[in-house]
2 protein chains.
Amino acid sequence: MSEARIIFTPSGRRGRVAQGTTVLDAARSLGVDLDSVCGGRGICARCQVAPQVGTFSKHGVTAVPDALSEWTALEARYDARRGLKPGRRLGCQARIQGDVVVDVPAESQVHRQVVRKDADAREVVIDPATRLFYVEVAEPDMHEPSGDLERLAAALEREWDIKSLHACVEVLRKLQPALRGGDWAVTVALHKGHRDSAHRLIDIWPGFHESPLYGLAIDIGSTTIAAHLCDLRTGAVTASAGAMNPQIRFGEDLMSRVSYAMMNAGGAAAMTEAVRAAIDALAGEIAGQAGVDPRDMVEAAVVCNPVMHHLFLGIDPVELGQAPFALATSAALELPAAALGLTALNAEARAYILPCIAGHVGADAAAVALSEAPDASDDLVLVVDVGTNAELLLGNRTRVLACSSPTGPAFEGAQISAGQRAAPGAIERIRIDPATKEPRFTVIGCDLWSDDPGFDEAVGPGGVTGICGSGIIEAVAEMRMAGLVDASGLIGGPEQTGTPRCEPDGRTHAYLIHDARDAGGPRIAVTQGDIRAIQLAKSALYAGARLLMDEFGVDEVDRVVLAGAFGAHISPKHAMVLGMIPDTPLERVTSAGNAAGTGARIALCSLDARAAVEAMVRRIHKVETAIEPRFQEHFVAAAALPHAAAPFARLRAAVPLPEPHFNTAAAEGAPGGRRRRRPPA
Amino acid sequence: MSEARIIFTPSGRRGRVAQGTTVLDAARSLGVDLDSVCGGRGICARCQVAPQVGTFSKHGVTAVPDALSEWTALEARYDARRGLKPGRRLGCQARIQGDVVVDVPAESQVHRQVVRKDADAREVVIDPATRLFYVEVAEPDMHEPSGDLERLAAALEREWDIKSLHACVEVLRKLQPALRGGDWAVTVALHKGHRDSAHRLIDIWPGFHESPLYGLAIDIGSTTIAAHLCDLRTGAVTASAGAMNPQIRFGEDLMSRVSYAMMNAGGAAAMTEAVRAAIDALAGEIAGQAGVDPRDMVEAAVVCNPVMHHLFLGIDPVELGQAPFALATSAALELPAAALGLTALNAEARAYILPCIAGHVGADAAAVALSEAPDASDDLVLVVDVGTNAELLLGNRTRVLACSSPTGPAFEGAQISAGQRAAPGAIERIRIDPATKEPRFTVIGCDLWSDDPGFDEAVGPGGVTGICGSGIIEAVAEMRMAGLVDASGLIGGPEQTGTPRCEPDGRTHAYLIHDARDAGGPRIAVTQGDIRAIQLAKSALYAGARLLMDEFGVDEVDRVVLAGAFGAHISPKHAMVLGMIPDTPLERVTSAGNAAGTGARIALCSLDARAAVEAMVRRIHKVETAIEPRFQEHFVAAAALPHAAAPFARLRAAVPLPEPHFNTAAAEGAPGGRRRRRPPA
């Protein structure tokens, strides 16, 4: 039989095949990534290709007219029912008759590469653990008796080279009706782990199953839970939803919840029950919102900090509340979602829990590492994920270090006199005029600035309710830049600052931002105590970064990435004015948004990424701040605004910082001497 | 360092070791099977050995006095607390100082061989899937953070060479308290499949766990369920219990239950629920009876026919009620016991379901094959497991054939005029005097014969309630031998037989065995219809055996094994007189008792046996009676008592059979023409 030459684009793979070979078979024999769910039966149309006509001298092949066979009846039927794009053919139907160049469009590739929004982030290869396979199964034969499952396994091996099939009793129950309902053709969803080659039968549908499969990326924060429904074939987010973490009623922050578990019999179990129920409700809500059949939701990927990790898994977190902060398990887990109380997904859906790095550096930090890939960075990058605890990663291609820093909840607006969570009515941005010392601000839920016309009407009476985490950071930094606060953190009095807004407040002063008491609203001021709380938090954060830099043997980093919802809201300049992060050119401080959530989505859709994050976590060197004496030294030295422990030459070149020195009669203690949540050992 | 010579008995393994080596280490280095749970710490005392003193010239070694080191404090402590047999040492404590011969007693071997009661049965090597391992785990270290599970896995690899450890969330929850409660020493129960090398963490106890592990061998019959609690280290049965199968209320026999599932929505689920609840209650009862902690019950092995198999697994058995009798799965299954509704065992206990051979030849037949090992027989053996359906195996070392024969329930006393289940009051043995034609019998629950003095008092009024399966077989065979029934199966009248007990019964006759109507009790007779029912059943049984013999190309078999509770109660002579089984020397017809239950116990305690039964089932050639025309021919030809299709020369040489020919006016149809439960196609 005579042969034809074929070249596939964009891969450039080429070869000779016998005339009459289908494009799909040619692709398989040449190792070209061309999708197919139905195994070449003209049903799924996932093997669509675009034959190129004309001369392609750069490929050395001249595509001849009539290089492919005529349209088949199956192609015509598919086109009539669903529509084939112009120029497209089904790879399993078009037979090669002469030399040809065939383009495989991105949506016809199994392992397609999805370019992340951020230009500098690496590409992610979509390679989900659970995929659909269409097979035609042999009918039973009394002369050669065998089970339906065994004949399904034989068909999967014959058509898809799948060698090991495991089925649980619940799916076995569906097997016989599906085979007979589909006239011995079925679509199965198979889950494959990345550590073994066994395939697990997740579900089975009679005939060809049209719907794609979905997965849920879940980010369990101490305060909020976020979930994103993703199409497992494309990685695209189909729907998202969020909810408060109901564990808040057991304790605002992580250590309160660990204490609750220690002090109350059944306390850990109650918190497990609460968070699982909330996630399950969220999953149901998302499925309804997206109109997705729960049976098509077959995967979940979960990221969270270690305490949330243990409570979600049903493990008492008591060991995480005391040295040596031992995790029950640090490895990634691959579990039945039903074992975690998730009933709104497919009954056999699998959940992947990302690995933890250490007792204070959890799966959320691992997800940030997966998303931001410091191990693939040529320059030295510091990744800061700010929450109640801050997790820090420092590294480049040579190595990556990690630590957790006990910042406490001040950055989230807790332990601040007028502080509140980031919710409508909270001041989130603030500017103080250096000349008049007058503030202007915005609140969450309103786009206007407070000195814009119509602001009062827009927010309504009592519409300004407090100040959130990003707001207090901006406030303190702006006070520093406006000369209302000196480098030691002291607020000046009205005579020193020239503004009556710096009111006496006991033996110290407070800066008044907003007073709605006449209208029955709150009085919002930044007190000396607030400044001290922020100083403590930022000192801890900086000390963690500094400790990693010591360990790495450097005095500066090339770039800083601020991760987390919080990181998305604080401005690099204000963070730098406070001395939260090392002195770095401002244009090299970027926000990664919800990097932990992004990491969860990557792990959800890619087996390679799961292997990668597990390998990376094993290589990351953990530095334990609680037992490192230098952490305490850095912490004490980092109290000033910005602190004297680093020159901050770049900052000072960009931002004028007044140098007042307020000598008040304040009796308040030194920042380093205040009792801290988790004191360095 | 100088060396010493050591010989281990009974293995005969020998070698040279450095002086000072412990006996346990020497055994390990020489590949001697010496048990240890604690890893050589003097805790478990499973490595007990008996050093031999004196001269052992046949081994070529002269054992010297003081060849082993002095007793250690640990041995003294163990002896004081639990007692060491005289002459015993702990292998992990005794160090080799000179040439020595050391005997390893049977109870110190891991893979000990247990000789079955039957002299001709093969030995079974005890090798349970779930075993205990004692380990000392490294404490957490903040400088090298790792999870407790990961350090447990490292300890298991270091001390026991266990490379892969899987833990579910429920056991993870117990991990941290156990490690701390045992001061970083724990005993774990690990389950290993026979198809892969992964170990599953079933349970964890602080410190050294004293109790052995147990398993439950479960035999689910259509009528009764039996369960045996076995010590997994020895295979010994610790306790047994039985219960009626509650599915009986949905249908007496298998096909009635399949019909129930077909006709009633939720019918299959209701039967699943019923049988699971009954087994779970039985497991709880046995644990209580034996005083065993449910946590120590970590395994179950299950045998049953295909319909029971599907209903227990929660699979609708509808396909088993119609050609081609397709099983949902025929392979052996290894599942969480909890997924099968078994809550009375350890929460992570594993259940092993033996493989099915075909749609009518179930896991019970596979268990009989495992127990009786026809594939290891030098002579040609026919194994008959009689129940509602009879399963037959025919084979020897060269090959094994199997079939199922639709005997119907007559052999179990159903469809017999005075028939009943084998329960107290049922006639189970009967003899008829060939001269007087008078019957004598025994009933279940009483050791006296009916003509013994005191029988009436012993059974009480109305104490004889009916006739069970083995009773009706003996009755028909005795009637044949006493000349009351001719070779065609006709009962003679009183004038032909000379006894008034052969009473007219419509247009035929019936033989009166027992009449208690005066005392308000039943009248028990064998009717012509009863004879016909038994003829149908035995014809089906014989036809199945004959079909296998055809397929094997033989006219006779070397020996016959009758399995099943039923097989334990019928006498070979009576079975042969009826023509149930091929003509075989009577001394070569034996009963194997409950061979299916024995097979379940073997599979419970031996991974090797699981692999063996799965391999055997794959090799067994199944003959489907429903589609084999010769089955129908054999069936019709086998109606006579004994039938003319075989010479039965051996039987006639041993048993005098009168040759009357009764020509009654009976209008009853020919046996072969009666409607059968599952007609041959």
# chains A, B, ... in the order shown; residues from 1 in each chain; ligands from 1
>>> interface_residues(of="chain B", to="chain A", cutoff="7 Å", atoms="only C-alpha atoms", output="JSON, numbers by chain")
{"B": [140, 141, 142, 143, 145, 146, 147, 148, 149, 150, 169, 172, 173, 175, 176, 313, 314, 315, 324, 326, 327, 328, 329, 330, 358, 624]}
>>> select_by_dssp(residues="region 590-662 of chain A", states="helix (DSSP H, G or I)", output="PyMOL selection string")
chain A and resi 595-605+607-619+625-627+629-637+649-654
>>> closest_atom_pairs(of="region 549-610 of chain B", to="region 454-473 of chain B", cutoff="10 Å", atoms="only C-alpha atoms", output="CSV")
residue,atom,partner,partner_atom,distance
B:Phe566,CA,B:Ser470,CA,6.9
B:Gly567,CA,B:Ser470,CA,8.7
B:Ala568,CA,B:Ser470,CA,9.4
B:His569,CA,B:Ser470,CA,6.2
B:Ile570,CA,B:Ser470,CA,5.3
B:Ser571,CA,B:Ser470,CA,8.5
B:His574,CA,B:Ile473,CA,7.0
B:Ala575,CA,B:Ile473,CA,7.3
B:Val577,CA,B:Ile473,CA,9.6
B:Leu578,CA,B:Ile473,CA,7.8
B:Met580,CA,B:Ile473,CA,9.8
>>> write_last_selection(atoms="all heavy atoms", output="CSV table (one decimal), in the first residue's frame")
chain,number,residue,atom,x,y,z
B,566,PHE,N,-25.9,-30.6,54.1
B,566,PHE,CA,-26.7,-31.7,53.6
B,566,PHE,C,-25.8,-32.9,53.4
B,566,PHE,O,-26.1,-34.0,53.8
B,566,PHE,CB,-27.4,-31.2,52.3
B,566,PHE,CG,-28.2,-32.3,51.7
B,566,PHE,CD1,-29.5,-32.5,52.1
B,566,PHE,CD2,-27.7,-33.0,50.6
B,566,PHE,CE1,-30.2,-33.5,51.5
B,566,PHE,CE2,-28.5,-34.0,50.0
B,566,PHE,CZ,-29.7,-34.2,50.4
B,567,GLY,N,-24.7,-32.7,52.7
B,567,GLY,CA,-23.8,-33.8,52.4
B,567,GLY,C,-23.3,-34.5,53.6
B,567,GLY,O,-22.9,-35.7,53.6
B,568,ALA,N,-23.3,-33.8,54.7
B,568,ALA,CA,-22.8,-34.4,56.0
B,568,ALA,C,-23.8,-35.3,56.6
B,568,ALA,O,-23.5,-36.1,57.4
B,568,ALA,CB,-22.5,-33.3,57.0
B,569,HIS,N,-25.1,-35.2,56.1
B,569,HIS,CA,-26.2,-36.0,56.7
B,569,HIS,C,-26.7,-37.1,55.9
B,569,HIS,O,-27.3,-38.0,56.4
B,569,HIS,CB,-27.3,-35.0,57.1
B,569,HIS,CG,-27.0,-34.1,58.2
B,569,HIS,ND1,-26.7,-32.8,58.0
B,569,HIS,CD2,-26.9,-34.4,59.6
B,569,HIS,CE1,-26.4,-32.3,59.2
B,569,HIS,NE2,-26.5,-33.2,60.2
B,570,ILE,N,-26.5,-37.1,54.6
B,570,ILE,CA,-27.0,-38.2,53.8
B,570,ILE,C,-25.9,-39.3,53.8
B,570,ILE,O,-24.7,-39.1,53.8
B,570,ILE,CB,-27.4,-37.8,52.4
B,570,ILE,CG1,-26.3,-37.1,51.6
B,570,ILE,CG2,-28.7,-37.0,52.4
B,570,ILE,CD1,-26.6,-36.9,50.2
B,571,SER,N,-26.4,-40.6,53.7
B,571,SER,CA,-25.4,-41.7,53.7
B,571,SER,C,-25.1,-42.0,52.2
B,571,SER,O,-26.0,-41.9,51.4
B,571,SER,CB,-26.1,-42.9,54.4
B,571,SER,OG,-26.9,-43.6,53.5
B,574,HIS,N,-27.5,-44.6,50.5
B,574,HIS,CA,-28.8,-44.1,50.1
B,574,HIS,C,-28.7,-43.2,48.9
B,574,HIS,O,-29.6,-43.3,48.0
B,574,HIS,CB,-29.5,-43.4,51.3
B,574,HIS,CG,-29.8,-44.3,52.4
B,574,HIS,ND1,-29.0,-44.5,53.5
B,574,HIS,CD2,-30.9,-45.2,52.6
B,574,HIS,CE1,-29.6,-45.4,54.3
B,574,HIS,NE2,-30.7,-45.8,53.8
B,575,ALA,N,-27.7,-42.4,48.9
B,575,ALA,CA,-27.5,-41.5,47.7
B,575,ALA,C,-27.3,-42.3,46.4
B,575,ALA,O,-27.9,-42.0,45.4
B,575,ALA,CB,-26.4,-40.5,47.9
B,577,VAL,N,-28.3,-45.5,46.0
B,577,VAL,CA,-29.5,-46.3,45.7
B,577,VAL,C,-30.4,-45.4,44.8
B,577,VAL,O,-31.1,-45.8,43.9
B,577,VAL,CB,-30.2,-46.8,46.9
B,577,VAL,CG1,-31.6,-47.3,46.7
B,577,VAL,CG2,-29.3,-47.9,47.6
B,578,LEU,N,-30.5,-44.1,45.2
B,578,LEU,CA,-31.3,-43.2,44.4
B,578,LEU,C,-30.7,-42.9,43.0
B,578,LEU,O,-31.4,-42.4,42.2
B,578,LEU,CB,-31.5,-41.9,45.2
B,578,LEU,CG,-32.5,-41.9,46.3
B,578,LEU,CD1,-32.7,-40.4,46.8
B,578,LEU,CD2,-33.8,-42.5,45.9
B,580,MET,N,-28.3,-40.7,42.8
B,580,MET,CA,-27.9,-39.3,42.8
B,580,MET,C,-26.5,-39.0,42.2
B,580,MET,O,-26.2,-38.0,41.6
B,580,MET,CB,-27.9,-38.8,44.3
B,580,MET,CG,-29.3,-38.6,44.8
B,580,MET,SD,-29.2,-38.2,46.6
B,580,MET,CE,-28.5,-36.6,46.6
>>> residues_around(residues="region 274-277 of chain A", least_positions_apart="5", cutoff="9 Å", atoms="only C-alpha atoms", output="PyMOL selection string")
chain A and resi 220+225+245-247+269+282+308+311-312+340-342
>>> residues_around(residues="Leu74 (chain A)", least_positions_apart="6", cutoff="12 Å", atoms="only C-alpha atoms", output="list of chain:residue names")
A:Gly40, A:Arg41, A:Gly42, A:Ile43, A:Cys44, A:Ala45, A:Ala80, A:Arg81, A:Arg82, A:Leu84, A:Arg89, A:Leu90, A:Gly91, A:Cys92, A:Gln93, A:Ala94
